[in-house]
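Text of input.cif, listed as mmCIF, C-alpha atoms:
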```cif
data_input
loop_
_atom_site.label_atom_id
_atom_site.label_comp_id
_atom_site.auth_asym_id
_atom_site.auth_seq_id
_atom_site.Cartn_x
_atom_site.Cartn_y
_atom_site.Cartn_z
CA MET A 608 84.47 -152.53 -71.08
CA PHE A 609 80.70 -152.56 -71.43
CA ARG A 610 80.62 -149.01 -72.64
CA TRP A 611 83.32 -149.81 -75.20
CA ILE A 612 81.17 -152.44 -76.87
CA VAL A 613 78.08 -150.24 -76.85
CA TRP A 614 80.06 -147.28 -78.17
CA ARG A 615 81.62 -149.45 -80.86
CA ASP A 616 78.30 -150.74 -82.13
CA LEU A 617 76.76 -147.28 -82.07
CA ILE A 618 79.58 -145.82 -84.16
CA LEU A 619 79.44 -148.73 -86.59
CA ALA A 620 75.67 -148.33 -86.99
CA TRP A 621 76.06 -144.60 -87.56
CA ARG A 622 78.60 -145.21 -90.30
CA ARG A 623 76.27 -147.72 -91.92
CA ARG A 624 73.19 -145.55 -91.58
CA THR A 625 71.34 -146.79 -94.65
CA ASP A 626 70.88 -150.27 -93.17
CA VAL A 627 69.33 -148.79 -90.09
CA LEU A 628 67.01 -146.48 -91.98
CA ALA A 629 65.78 -149.42 -94.03
CA THR A 630 64.26 -150.98 -90.90
CA LEU A 631 62.50 -147.75 -90.05
CA PHE A 632 61.12 -147.31 -93.55
CA PHE A 633 59.87 -150.88 -93.55
CA PHE A 634 57.92 -150.27 -90.35
CA VAL A 635 56.43 -147.01 -91.65
CA ILE A 636 55.44 -148.55 -94.96
CA VAL A 637 53.82 -151.63 -93.45
CA VAL A 638 51.81 -149.64 -90.95
CA SER A 639 50.75 -147.09 -93.56
CA LEU A 640 49.65 -149.63 -96.14
CA TYR A 641 46.83 -150.94 -93.95
CA PRO A 642 44.73 -147.76 -93.78
CA LEU A 643 45.32 -147.32 -97.51
CA GLY A 644 44.30 -150.86 -98.30
CA ILE A 645 41.37 -151.20 -95.94
CA GLY A 646 39.73 -147.82 -96.36
CA PRO A 647 38.93 -144.94 -94.05
CA GLU A 648 36.34 -146.61 -91.84
CA VAL A 649 37.51 -145.39 -88.45
CA GLN A 650 35.93 -148.09 -86.31
CA LEU A 651 37.60 -150.79 -88.33
CA LEU A 652 40.97 -149.04 -88.30
CA ARG A 653 40.80 -148.63 -84.53
CA ARG A 654 40.16 -152.33 -84.13
CA ILE A 655 43.12 -153.41 -86.23
CA ALA A 656 45.57 -150.73 -85.08
CA PRO A 657 47.02 -152.61 -82.07
CA GLY A 658 47.74 -155.73 -84.11
CA VAL A 659 49.07 -153.83 -87.11
CA VAL A 660 51.48 -151.70 -85.12
CA TRP A 661 52.82 -154.64 -83.19
CA VAL A 662 53.09 -157.02 -86.14
CA ALA A 663 54.93 -154.35 -88.12
CA ALA A 664 57.31 -153.79 -85.20
CA LEU A 665 57.87 -157.52 -84.95
CA LEU A 666 58.61 -157.98 -88.63
CA ALA A 667 60.89 -154.94 -88.73
CA SER A 668 62.73 -156.28 -85.73
CA MET A 669 63.19 -159.67 -87.33
CA LEU A 670 64.58 -158.12 -90.48
CA SER A 671 67.18 -156.22 -88.52
CA LEU A 672 68.50 -159.23 -86.62
CA GLY A 673 71.00 -160.24 -89.29
CA ARG A 674 72.91 -157.06 -88.54
CA LEU A 675 73.39 -157.89 -84.90
CA PHE A 676 76.21 -160.40 -85.26
CA GLY A 677 76.46 -160.91 -89.01
CA ASN A 678 79.00 -158.27 -89.82
CA ASP A 679 81.27 -159.15 -86.91
CA TYR A 680 81.09 -162.80 -87.85
CA GLN A 681 82.20 -162.14 -91.39
CA ASP A 682 85.23 -160.01 -90.66
CA GLY A 683 86.51 -162.09 -87.75
CA SER A 684 85.85 -159.55 -85.02
CA LEU A 685 83.22 -161.73 -83.36
CA GLU A 686 85.89 -164.33 -82.53
CA GLN A 687 88.06 -161.59 -81.09
CA ILE A 688 85.19 -160.48 -78.90
CA LEU A 689 84.63 -164.04 -77.70
CA LEU A 690 88.33 -164.37 -76.90
CA THR A 691 88.44 -161.50 -74.45
CA PRO A 692 88.65 -162.20 -70.73
CA GLN A 693 85.28 -160.49 -70.30
CA PRO A 694 82.07 -162.42 -69.64
CA VAL A 695 80.35 -163.00 -72.95
CA TYR A 696 77.02 -162.33 -71.18
CA LEU A 697 77.97 -158.67 -70.75
CA LEU A 698 79.19 -158.35 -74.30
CA VAL A 699 75.91 -159.74 -75.58
CA VAL A 700 73.87 -157.35 -73.43
CA GLY A 701 76.01 -154.48 -74.72
CA LYS A 702 75.54 -155.42 -78.36
CA VAL A 703 71.81 -155.96 -77.95
CA LEU A 704 71.47 -152.64 -76.16
CA ALA A 705 73.23 -150.82 -78.98
CA HIS A 706 71.11 -152.71 -81.50
CA TRP A 707 67.93 -151.73 -79.67
CA ILE A 708 68.92 -148.07 -79.53
CA VAL A 709 69.68 -147.99 -83.22
CA SER A 710 66.99 -150.26 -84.68
CA GLU A 711 64.04 -150.07 -82.30
CA ILE A 712 64.01 -146.62 -80.73
CA PRO A 713 63.33 -145.00 -84.12
CA LEU A 714 60.26 -147.25 -84.38
CA VAL A 715 59.09 -146.18 -80.95
CA VAL A 716 59.48 -142.53 -81.90
CA ILE A 717 57.76 -142.79 -85.28
CA ALA A 718 54.92 -145.09 -84.13
CA PRO A 719 52.63 -142.40 -82.71
CA VAL A 720 53.05 -140.42 -85.93
CA VAL A 721 52.00 -143.28 -88.18
CA GLY A 722 49.39 -144.23 -85.60
CA LEU A 723 47.57 -141.03 -86.41
CA GLN A 724 46.41 -142.69 -89.61
CA PHE A 725 44.26 -145.03 -87.51
CA GLY A 726 42.27 -142.29 -85.84
CA LEU A 727 43.62 -143.04 -82.38
CA SER A 728 43.35 -140.71 -79.41
CA GLY A 729 46.29 -138.95 -77.80
CA ASN A 730 46.15 -141.25 -74.79
CA THR A 731 46.31 -144.32 -76.99
CA LEU A 732 49.20 -142.94 -78.99
CA ALA A 733 51.09 -142.32 -75.75
CA LEU A 734 50.30 -145.85 -74.67
CA ILE A 735 51.65 -147.21 -77.95
CA VAL A 736 54.95 -145.54 -77.13
CA VAL A 737 55.05 -147.10 -73.66
CA SER A 738 54.06 -150.51 -74.93
CA LEU A 739 56.72 -150.45 -77.64
CA LEU A 740 59.33 -149.18 -75.18
CA LEU A 741 58.64 -152.16 -72.94
CA GLY A 742 58.29 -154.70 -75.71
CA THR A 743 60.95 -153.87 -78.30
CA PRO A 744 63.89 -154.67 -75.99
CA VAL A 745 62.33 -158.12 -75.56
CA LEU A 746 62.22 -158.48 -79.34
CA SER A 747 65.91 -157.62 -79.53
CA MET A 748 66.85 -159.93 -76.68
CA ILE A 749 64.93 -162.94 -77.93
CA GLY A 750 65.94 -162.14 -81.48
CA SER A 751 69.59 -162.22 -80.48
CA ILE A 752 69.24 -165.91 -79.64
CA GLY A 753 67.94 -166.66 -83.12
CA ALA A 754 70.56 -164.43 -84.71
CA ALA A 755 73.36 -166.20 -82.84
CA LEU A 756 72.07 -169.66 -83.69
CA THR A 757 71.80 -168.98 -87.41
CA LEU A 758 75.15 -167.23 -87.92
CA GLY A 759 76.81 -168.18 -91.15
CA LEU A 760 73.98 -170.44 -92.27
CA ARG A 761 72.65 -170.09 -95.74
CA SER A 762 68.94 -169.49 -95.28
CA ALA A 763 69.55 -167.57 -92.11
CA ASN A 764 66.60 -165.22 -92.50
CA VAL A 765 64.05 -167.96 -92.85
CA LEU A 766 65.52 -169.94 -89.98
CA VAL A 767 65.60 -166.93 -87.69
CA ALA A 768 61.91 -166.40 -88.41
CA LEU A 769 61.09 -170.01 -87.54
CA LEU A 770 63.10 -169.89 -84.34
CA VAL A 771 62.11 -166.52 -83.10
CA LEU A 772 58.47 -165.99 -84.10
CA PRO A 773 57.01 -168.51 -81.65
CA LEU A 774 58.84 -166.72 -78.85
CA TYR A 775 57.66 -163.37 -80.14
CA VAL A 776 53.99 -164.34 -79.83
CA PRO A 777 53.63 -163.53 -76.12
CA VAL A 778 55.21 -160.13 -76.74
CA LEU A 779 52.70 -159.53 -79.50
CA ILE A 780 49.73 -160.63 -77.42
CA PHE A 781 50.63 -158.53 -74.38
CA GLY A 782 51.62 -155.51 -76.45
CA ALA A 783 48.62 -155.52 -78.72
CA GLY A 784 46.45 -156.26 -75.71
CA ALA A 785 47.70 -153.15 -73.95
CA ILE A 786 46.87 -150.93 -76.90
CA GLU A 787 43.52 -152.57 -77.41
CA ALA A 788 42.64 -151.99 -73.77
CA SER A 789 43.46 -148.33 -74.14
CA ILE A 790 41.30 -147.95 -77.22
CA GLY A 791 38.40 -149.59 -75.42
CA GLY A 792 38.83 -147.24 -72.47
CA LEU A 793 39.91 -150.05 -70.15
CA ASP A 794 42.93 -150.10 -67.88
CA ALA A 795 46.01 -151.18 -69.81
CA LYS A 796 48.14 -151.64 -66.70
CA PRO A 797 47.78 -155.42 -66.39
CA TYR A 798 49.13 -155.81 -69.92
CA LEU A 799 51.93 -153.35 -69.31
CA LEU A 800 52.93 -155.22 -66.17
CA LEU A 801 53.02 -158.46 -68.13
CA GLN A 802 55.21 -156.73 -70.71
CA ALA A 803 57.52 -155.53 -67.96
CA ALA A 804 57.73 -159.05 -66.60
CA THR A 805 58.70 -160.50 -70.00
CA LEU A 806 61.27 -157.74 -70.30
CA VAL A 807 62.91 -158.66 -67.02
CA LEU A 808 62.86 -162.38 -67.86
CA SER A 809 64.35 -161.80 -71.28
CA ILE A 810 67.17 -159.62 -69.95
CA VAL A 811 68.07 -162.29 -67.42
CA PHE A 812 67.84 -165.41 -69.57
CA ALA A 813 68.29 -164.45 -73.20
CA PRO A 814 71.93 -163.26 -73.09
CA TRP A 815 72.93 -166.52 -71.47
CA ALA A 816 71.33 -168.49 -74.31
CA THR A 817 72.79 -166.15 -76.90
CA SER A 818 76.31 -166.55 -75.45
CA ALA A 819 76.03 -170.31 -75.69
CA ALA A 820 74.72 -170.03 -79.24
CA LEU A 821 77.59 -167.75 -80.24
CA ARG A 822 80.19 -170.20 -78.98
CA ILE A 823 78.56 -172.93 -81.02
CA SER A 824 78.34 -170.83 -84.16
CA VAL A 825 81.97 -169.79 -84.00
CA GLU A 826 83.27 -173.34 -83.79
CA MET B 1219 103.49 -172.99 -70.09
CA LEU B 1220 101.27 -174.46 -72.76
CA GLU B 1221 100.83 -178.18 -73.21
CA ALA B 1222 98.90 -180.10 -75.83
CA LEU B 1223 98.18 -183.71 -74.97
CA ASN B 1224 97.03 -186.26 -77.48
CA LEU B 1225 95.11 -183.76 -79.60
CA SER B 1226 92.88 -185.02 -82.33
CA CYS B 1227 90.97 -182.85 -84.72
CA ALA B 1228 88.37 -183.60 -87.34
CA ARG B 1229 86.61 -181.45 -89.88
CA GLY B 1230 83.26 -183.01 -90.69
CA GLU B 1231 83.99 -186.60 -91.54
CA ARG B 1232 87.71 -186.14 -92.17
CA ARG B 1233 90.24 -186.71 -89.43
CA LEU B 1234 92.88 -184.01 -89.83
CA PHE B 1235 95.38 -185.05 -87.21
CA SER B 1236 95.49 -187.21 -84.11
CA GLY B 1237 97.76 -187.95 -81.21
CA LEU B 1238 99.44 -184.54 -81.35
CA ASN B 1239 101.63 -183.67 -78.37
CA PHE B 1240 103.74 -180.61 -77.72
CA SER B 1241 104.65 -178.16 -75.01
CA LEU B 1242 105.75 -174.55 -75.06
CA ARG B 1243 107.68 -172.66 -72.43
CA ALA B 1244 108.50 -168.98 -72.02
CA GLY B 1245 110.59 -167.81 -74.93
CA GLY B 1246 109.49 -170.75 -77.10
CA ALA B 1247 107.83 -170.68 -80.47
CA LEU B 1248 106.08 -173.49 -82.30
CA GLN B 1249 105.69 -173.42 -86.04
CA ALA B 1250 103.02 -175.61 -87.54
CA PHE B 1251 103.82 -176.42 -91.13
CA GLY B 1252 101.73 -178.10 -93.71
CA PRO B 1253 99.89 -177.71 -96.98
CA ASN B 1254 96.53 -176.00 -97.29
CA GLY B 1255 93.70 -177.86 -95.63
CA CYS B 1256 95.88 -179.97 -93.33
CA GLY B 1257 94.47 -178.55 -90.14
CA LYS B 1258 96.86 -175.73 -89.20
CA THR B 1259 94.04 -173.27 -88.60
CA SER B 1260 92.01 -175.89 -86.78
CA LEU B 1261 94.95 -176.54 -84.48
CA LEU B 1262 95.25 -172.85 -83.70
CA ARG B 1263 91.54 -172.59 -83.00
CA ILE B 1264 91.74 -175.54 -80.65
CA VAL B 1265 94.64 -173.88 -78.82
CA CYS B 1266 92.58 -170.67 -78.64
CA GLY B 1267 89.74 -172.55 -77.05
CA LEU B 1268 87.26 -171.67 -79.79
CA VAL B 1269 86.88 -175.28 -80.88
CA ALA B 1270 86.88 -178.40 -78.72
CA PRO B 1271 89.20 -181.14 -79.96
CA VAL B 1272 87.77 -184.51 -80.85
CA ALA B 1273 90.17 -186.05 -78.35
CA GLY B 1274 92.91 -184.83 -76.05
CA GLU B 1275 93.26 -181.54 -74.23
CA VAL B 1276 95.20 -178.31 -74.12
CA ARG B 1277 96.59 -177.20 -70.77
CA TRP B 1278 97.73 -173.79 -69.66
CA GLU B 1279 99.88 -173.77 -66.52
CA GLY B 1280 98.71 -177.30 -65.87
CA GLU B 1281 94.98 -176.68 -66.14
CA ASN B 1282 92.65 -177.54 -68.96
CA ILE B 1283 91.86 -174.39 -70.92
CA ARG B 1284 88.18 -175.33 -71.18
CA SER B 1285 87.89 -175.01 -67.42
CA LEU B 1286 90.06 -171.91 -67.17
CA GLY B 1287 87.87 -169.97 -69.56
CA ASP B 1288 88.26 -166.21 -69.24
CA GLU B 1289 91.50 -166.48 -67.31
CA TYR B 1290 93.12 -168.23 -70.26
CA PHE B 1291 91.68 -165.76 -72.76
CA GLY B 1292 93.38 -162.96 -70.88
CA ALA B 1293 96.74 -164.61 -71.54
CA ILE B 1294 96.37 -165.12 -75.29
CA ALA B 1295 96.11 -163.00 -78.39
CA TYR B 1296 94.89 -164.49 -81.67
CA VAL B 1297 95.49 -163.07 -85.11
CA ALA B 1298 93.41 -165.12 -87.48
CA HIS B 1299 93.37 -165.21 -91.22
CA GLN B 1300 90.34 -162.92 -91.08
CA THR B 1301 91.94 -159.91 -89.51
CA GLY B 1302 89.08 -158.78 -87.29
CA VAL B 1303 89.50 -155.26 -88.55
CA LYS B 1304 86.27 -153.24 -88.82
CA ASP B 1305 86.00 -151.56 -92.20
CA GLU B 1306 84.07 -148.57 -90.95
CA LEU B 1307 86.53 -147.66 -88.21
CA ASN B 1308 89.89 -146.01 -88.73
CA PRO B 1309 93.06 -147.64 -87.33
CA ILE B 1310 93.10 -145.62 -84.12
CA GLU B 1311 89.48 -146.48 -83.40
CA ASN B 1312 89.98 -150.14 -84.36
CA LEU B 1313 92.93 -150.41 -82.00
CA ARG B 1314 91.44 -148.52 -79.07
CA ILE B 1315 88.11 -150.31 -79.29
CA ALA B 1316 89.67 -153.77 -79.63
CA SER B 1317 91.78 -152.96 -76.62
CA GLY B 1318 88.92 -151.49 -74.62
CA VAL B 1319 86.63 -154.44 -75.27
CA ALA B 1320 89.41 -156.73 -74.04
CA GLY B 1321 89.61 -154.72 -70.85
CA HIS B 1322 92.76 -152.64 -71.47
CA THR B 1323 91.97 -148.98 -71.90
CA LEU B 1324 94.38 -147.55 -74.42
CA ASP B 1325 94.57 -143.79 -74.62
CA LYS B 1326 95.21 -141.88 -77.82
CA PRO B 1327 98.97 -141.25 -77.43
CA GLU B 1328 99.59 -144.92 -76.65
CA ALA B 1329 97.51 -146.00 -79.64
CA GLN B 1330 99.35 -143.57 -81.89
CA ALA B 1331 102.70 -144.87 -80.70
CA ILE B 1332 101.66 -148.43 -81.54
CA LEU B 1333 100.43 -147.43 -84.98
CA GLU B 1334 103.71 -145.62 -85.57
CA ARG B 1335 105.55 -148.84 -84.70
CA VAL B 1336 103.61 -150.84 -87.28
CA GLY B 1337 103.90 -148.16 -89.93
CA LEU B 1338 100.28 -147.01 -90.02
CA SER B 1339 100.81 -143.58 -88.56
CA ARG B 1340 99.88 -141.70 -91.72
CA GLN B 1341 96.75 -143.76 -92.28
CA ARG B 1342 95.47 -143.46 -88.75
CA ASN B 1343 92.40 -141.43 -89.66
CA LEU B 1344 91.37 -143.33 -92.77
CA GLN B 1345 88.52 -145.80 -92.54
CA ALA B 1346 89.95 -149.29 -92.70
CA ARG B 1347 88.07 -150.18 -95.87
CA LEU B 1348 90.43 -147.81 -97.65
CA LEU B 1349 93.48 -149.70 -96.46
CA SER B 1350 95.23 -152.38 -98.47
CA ALA B 1351 95.30 -156.01 -97.35
CA GLY B 1352 98.86 -155.59 -96.11
CA GLN B 1353 97.94 -152.51 -94.11
CA ARG B 1354 95.04 -154.34 -92.51
CA ARG B 1355 97.37 -157.17 -91.55
CA ARG B 1356 99.67 -154.59 -89.90
CA LEU B 1357 96.66 -153.25 -88.02
CA ALA B 1358 95.80 -156.75 -86.86
CA LEU B 1359 99.40 -157.19 -85.68
CA SER B 1360 99.21 -153.88 -83.81
CA ARG B 1361 96.58 -155.47 -81.63
CA LEU B 1362 99.28 -157.81 -80.31
CA LEU B 1363 101.20 -154.83 -79.02
CA ALA B 1364 98.11 -153.41 -77.34
CA LEU B 1365 96.93 -156.59 -75.64
CA ARG B 1366 100.29 -157.60 -74.17
CA ALA B 1367 99.35 -161.26 -74.02
CA ARG B 1368 101.82 -163.99 -73.08
CA LEU B 1369 100.87 -166.41 -75.82
CA TRP B 1370 100.52 -165.23 -79.39
CA ILE B 1371 98.53 -167.46 -81.70
CA LEU B 1372 99.17 -166.42 -85.28
CA ASP B 1373 97.64 -167.80 -88.46
CA GLU B 1374 99.84 -167.03 -91.46
CA PRO B 1375 101.14 -163.75 -89.97
CA LEU B 1376 103.14 -162.89 -93.07
CA ALA B 1377 100.18 -163.13 -95.45
CA SER B 1378 99.70 -160.04 -97.63
CA LEU B 1379 102.72 -158.28 -96.16
CA ASP B 1380 105.41 -156.69 -98.27
CA ASP B 1381 109.11 -157.14 -97.39
CA ASP B 1382 109.06 -154.31 -94.85
CA GLY B 1383 105.89 -155.65 -93.32
CA ALA B 1384 107.29 -159.17 -93.10
CA ALA B 1385 110.43 -157.83 -91.42
CA LEU B 1386 108.23 -155.91 -88.99
CA ALA B 1387 106.23 -159.03 -88.17
CA ARG B 1388 109.41 -161.05 -87.60
CA ASN B 1389 110.82 -158.32 -85.34
CA LEU B 1390 107.65 -158.08 -83.30
CA ILE B 1391 107.53 -161.83 -82.77
CA SER B 1392 111.24 -162.07 -81.99
CA GLU B 1393 110.98 -159.28 -79.44
CA HIS B 1394 107.99 -160.96 -77.89
CA LEU B 1395 109.87 -164.25 -77.57
CA GLY B 1396 112.90 -162.44 -76.21
CA GLY B 1397 110.68 -160.98 -73.49
CA ASP B 1398 109.62 -164.46 -72.35
CA GLY B 1399 106.52 -164.57 -74.48
CA MET B 1400 105.36 -167.63 -76.39
CA ALA B 1401 104.05 -168.02 -79.89
CA ILE B 1402 102.31 -170.63 -82.00
CA ILE B 1403 102.48 -169.85 -85.68
CA ALA B 1404 100.73 -171.60 -88.53
CA THR B 1405 102.63 -170.96 -91.68
CA HIS B 1406 103.59 -172.52 -94.94
CA GLN B 1407 106.83 -170.55 -95.16
CA GLU B 1408 109.84 -170.34 -92.85
CA MET B 1409 109.62 -167.63 -90.25
CA ASN B 1410 113.39 -167.13 -89.74
CA LEU B 1411 113.05 -165.53 -86.35
CA SER B 1412 116.09 -164.11 -84.62
CA ALA B 1413 115.15 -165.15 -81.08
CA GLY B 1414 113.28 -167.87 -79.30
CA GLN B 1415 113.58 -171.62 -79.09
CA MET B 1416 111.92 -172.97 -82.19
CA GLN B 1417 109.96 -176.17 -82.51
CA ARG B 1418 108.37 -177.48 -85.65
CA ILE B 1419 105.47 -179.74 -86.28
CA GLU B 1420 104.42 -180.97 -89.65
CA LEU B 1421 100.74 -181.61 -90.11
#
```
Will you turn the file into structure tokens for me?
Amino acid sequence: MFRWIVWRDLILAWRRRTDVLATLFFFVIVVSLYPLGIGPEVQLLRRIAPGVVWVAALLASMLSLGRLFGNDYQDGSLEQILLTPQPVYLLVVGKVLAHWIVSEIPLVVIAPVVGLQFGLSGNTLALIVVSLLLGTPVLSMIGSIGAALTLGLRSANVLVALLVLPLYVPVLIFGAGAIEASIGGLDAKPYLLLQAATLVLSIVFAPWATSAALRISVE
Amino acid sequence: MLEALNLSCARGERRLFSGLNFSLRAGGALQAFGPNGCGKTSLLRIVCGLVAPVAGEVRWEGENIRSLGDEYFGAIAYVAHQTGVKDELNPIENLRIASGVAGHTLDKPEAQAILERVGLSRQRNLQARLLSAGQRRRLALSRLLALRARLWILDEPLASLDDDGAALARNLISEHLGGDGMAIIATHQEMNLSAGQMQRIEL
């Protein structure tokens, strides 16, 4: 059953490719505008790189959240999913997993490429990939709570931002901290471990909150 | 057996109905009649378990459906006004995925047989956004055949269907009732089913 929901969302995302590419382009554009706007001073670029990469990933992630449940809500298939004899927890994890694969993995792949504009070393670029791999699932998980709570509401985008950004802050701090440590030649492991911990916590608790929020939104 | 005890429903400030009681046994069908906005859909959603009633409860085999949860969901199939059909998937995919997510794996020949029954065999590889409203309604009805639920909860099942489609829907429901299934149907027109013990409520 789990693989059915993941497979379903992957096929749907593939057939609506333009939405997905929009998130990727947004990330690339935001990250690339900073070196263009600030100038080629390498020291300065290296200092802002961790924050810029992570903030761009955060914003791109937030923009993509509407897609997670929005389409299913509008055509009535979300109700059908909630009316199956399967635990909603699993269905949520499946949808968020598919969403992460489609919306966030492209960011993880493209990040080292756009990171080159900041004059970062190979080690740091590799660390950016690891940090994003650990942190973006958390963004999707936490984001799913906000997406579920704001289903069908009019200013959904603004509300999602208000709900979700405060919870995103720890992800940002640990993620940017990891990259910053790498640039400064320090050990990034403590930050990565903190990121791993938030990942585990989010996988355990977020789907439960999202399930409850979905039941409320569908009423 | 389905029982509704003293159900009350409200939409915002408005009370739609209160003190509603009924029961359904195997082979029975309940038609809820009423004008637009009287609460037919709300009643169906309460019976589904999607919405909690303001007062009263719905019982399945003697137990409150809110406490049964997933066990109850396995016994029902709901066809809402919004068909739940994904535009980007073709009918075979829509059917197999809906079935798979609900826990019944439907293989291709079985899915094709069901689509043949509802008259969508020729359209089985077209993305659903290319289908007409009536064809989408047939696809939604095909889900009933795939899920094999005991209680069918149908909101305006004849909407958008042509004469053939309406006859198909009536046949499907009659067969279901004849096989000891149950159905609750919200409708503003007479169903004229050939089997099943009919009850009516006017909202």
Take the PyMOL selection byres ((chain B) within 9 of (chain A)), run it mentally on this structure, and tell me the resulting residues as a count of residues only. 36
Exercise: Leu1411 of chain B partners within 10 Å, all atoms listed in the file, chain neighbours under 6 positions left out, as a ChimeraX atom specification: /B:1247,1385,1387-1393,1395
Please indicate the distance in Å from atom CA of Ser1285 of chain B to atom CA of Ser818 of chain A, rounded to one decimal place.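 Atom CA of Ser1285 of chain B sits 16.4 Å away from atom CA of Ser818 of chain A.
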Evaluate the PyMOL selection byres ((chain A and resi 709) around 10) on the structure here and hand back the selected residues as number ranges by chain. A: 616-617, 620-621, 624, 627-628, 630-631, 703-708, 710-714
Can you list, as a PDB file with C-alpha atoms, in the frame of the given file, every protein, DNA or RNA residue that comes within 10 Å of Ala1329 of chain B when you count all atoms listed in the file, leaving out same-chain residues fewer than 3 positions away?
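Wrote result.pdb, looks like this:
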```
ATOM      1  CA  PRO B1309      93.060-147.640 -87.330  1.00  0.00           C
ATOM      2  CA  ILE B1310      93.100-145.620 -84.120  1.00  0.00           C
ATOM      3  CA  GLU B1311      89.480-146.480 -83.400  1.00  0.00           C
ATOM      4  CA  ASN B1312      89.980-150.140 -84.360  1.00  0.00           C
ATOM      5  CA  LEU B1313      92.930-150.410 -82.000  1.00  0.00           C
ATOM      6  CA  ARG B1314      91.440-148.520 -79.070  1.00  0.00           C
ATOM      7  CA  SER B1317      91.780-152.960 -76.620  1.00  0.00           C
ATOM      8  CA  THR B1323      91.970-148.980 -71.900  1.00  0.00           C
ATOM      9  CA  LEU B1324      94.380-147.550 -74.420  1.00  0.00           C
ATOM     10  CA  ASP B1325      94.570-143.790 -74.620  1.00  0.00           C
ATOM     11  CA  LYS B1326      95.210-141.880 -77.820  1.00  0.00           C
ATOM     12  CA  ILE B1332     101.660-148.430 -81.540  1.00  0.00           C
ATOM     13  CA  LEU B1333     100.430-147.430 -84.980  1.00  0.00           C
ATOM     14  CA  GLU B1334     103.710-145.620 -85.570  1.00  0.00           C
ATOM     15  CA  ARG B1335     105.550-148.840 -84.700  1.00  0.00           C
ATOM     16  CA  SER B1339     100.810-143.580 -88.560  1.00  0.00           C
ATOM     17  CA  ARG B1342      95.470-143.460 -88.750  1.00  0.00           C
ATOM     18  CA  SER B1360      99.210-153.880 -83.810  1.00  0.00           C
ATOM     19  CA  ARG B1361      96.580-155.470 -81.630  1.00  0.00           C
ATOM     20  CA  LEU B1363     101.200-154.830 -79.020  1.00  0.00           C
ATOM     21  CA  ALA B1364      98.110-153.410 -77.340  1.00  0.00           C
TER      22      ALA B1364
END
```
Distance atom CA of Leu760 of chain A-atom CA of Ala1404 of chain B, one decimal place?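 Going from atom CA of Leu760 of chain A over to atom CA of Ala1404 of chain B covers 27.0 Å.
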Which neighbours of Ser809 of chain A fall inside 12 Å, counting only C-alpha atoms, when residues of the same chain fewer than 3 positions from it are skipped, and could you give them as a list in words?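 Non-adjacent residues within range: Val700, Val703, Leu741, Gly742, Thr743, Pro744, Val745, Leu746, Ser747, Met748, Ile749, Gly750, Ser751, Ile752, Leu774, Tyr775, Pro777, Val778, Gln802, Ala803, Ala804, Thr805, Leu806, Phe812, Ala813, Pro814, Trp815, Ala816 and Thr817 of chain A.
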Generate the output file for the selected residues, C-alpha atoms, as a compact mmCIF listing (two decimals), in the coordinates of the input.
```
# COMPACT_ATOMS: atom_id res chain seq x y z
CA VAL A 700 73.87 -157.35 -73.43
CA VAL A 703 71.81 -155.96 -77.95
CA LEU A 741 58.64 -152.16 -72.94
CA GLY A 742 58.29 -154.70 -75.71
CA THR A 743 60.95 -153.87 -78.30
CA PRO A 744 63.89 -154.67 -75.99
CA VAL A 745 62.33 -158.12 -75.56
CA LEU A 746 62.22 -158.48 -79.34
CA SER A 747 65.91 -157.62 -79.53
CA MET A 748 66.85 -159.93 -76.68
CA ILE A 749 64.93 -162.94 -77.93
CA GLY A 750 65.94 -162.14 -81.48
CA SER A 751 69.59 -162.22 -80.48
CA ILE A 752 69.24 -165.91 -79.64
CA LEU A 774 58.84 -166.72 -78.85
CA TYR A 775 57.66 -163.37 -80.14
CA PRO A 777 53.63 -163.53 -76.12
CA VAL A 778 55.21 -160.13 -76.74
CA GLN A 802 55.21 -156.73 -70.71
CA ALA A 803 57.52 -155.53 -67.96
CA ALA A 804 57.73 -159.05 -66.60
CA THR A 805 58.70 -160.50 -70.00
CA LEU A 806 61.27 -157.74 -70.30
CA PHE A 812 67.84 -165.41 -69.57
CA ALA A 813 68.29 -164.45 -73.20
CA PRO A 814 71.93 -163.26 -73.09
CA TRP A 815 72.93 -166.52 -71.47
CA ALA A 816 71.33 -168.49 -74.31
CA THR A 817 72.79 -166.15 -76.90
```
Could you tell me which residues the PyMOL selection byres ((chain A and resi 722-728) around 7) returns for this structure, as a PyMOL selection string? chain A and resi 642+649+652-653+656+718-721+729-732
I'd like the interatomic distance between atom CA of Asn1343 of chain B and atom CA of Asn1308 of chain B, to a tenth of an Å.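 Straight-line distance from atom CA of Asn1343 of chain B to atom CA of Asn1308 of chain B works out to 5.3 Å.
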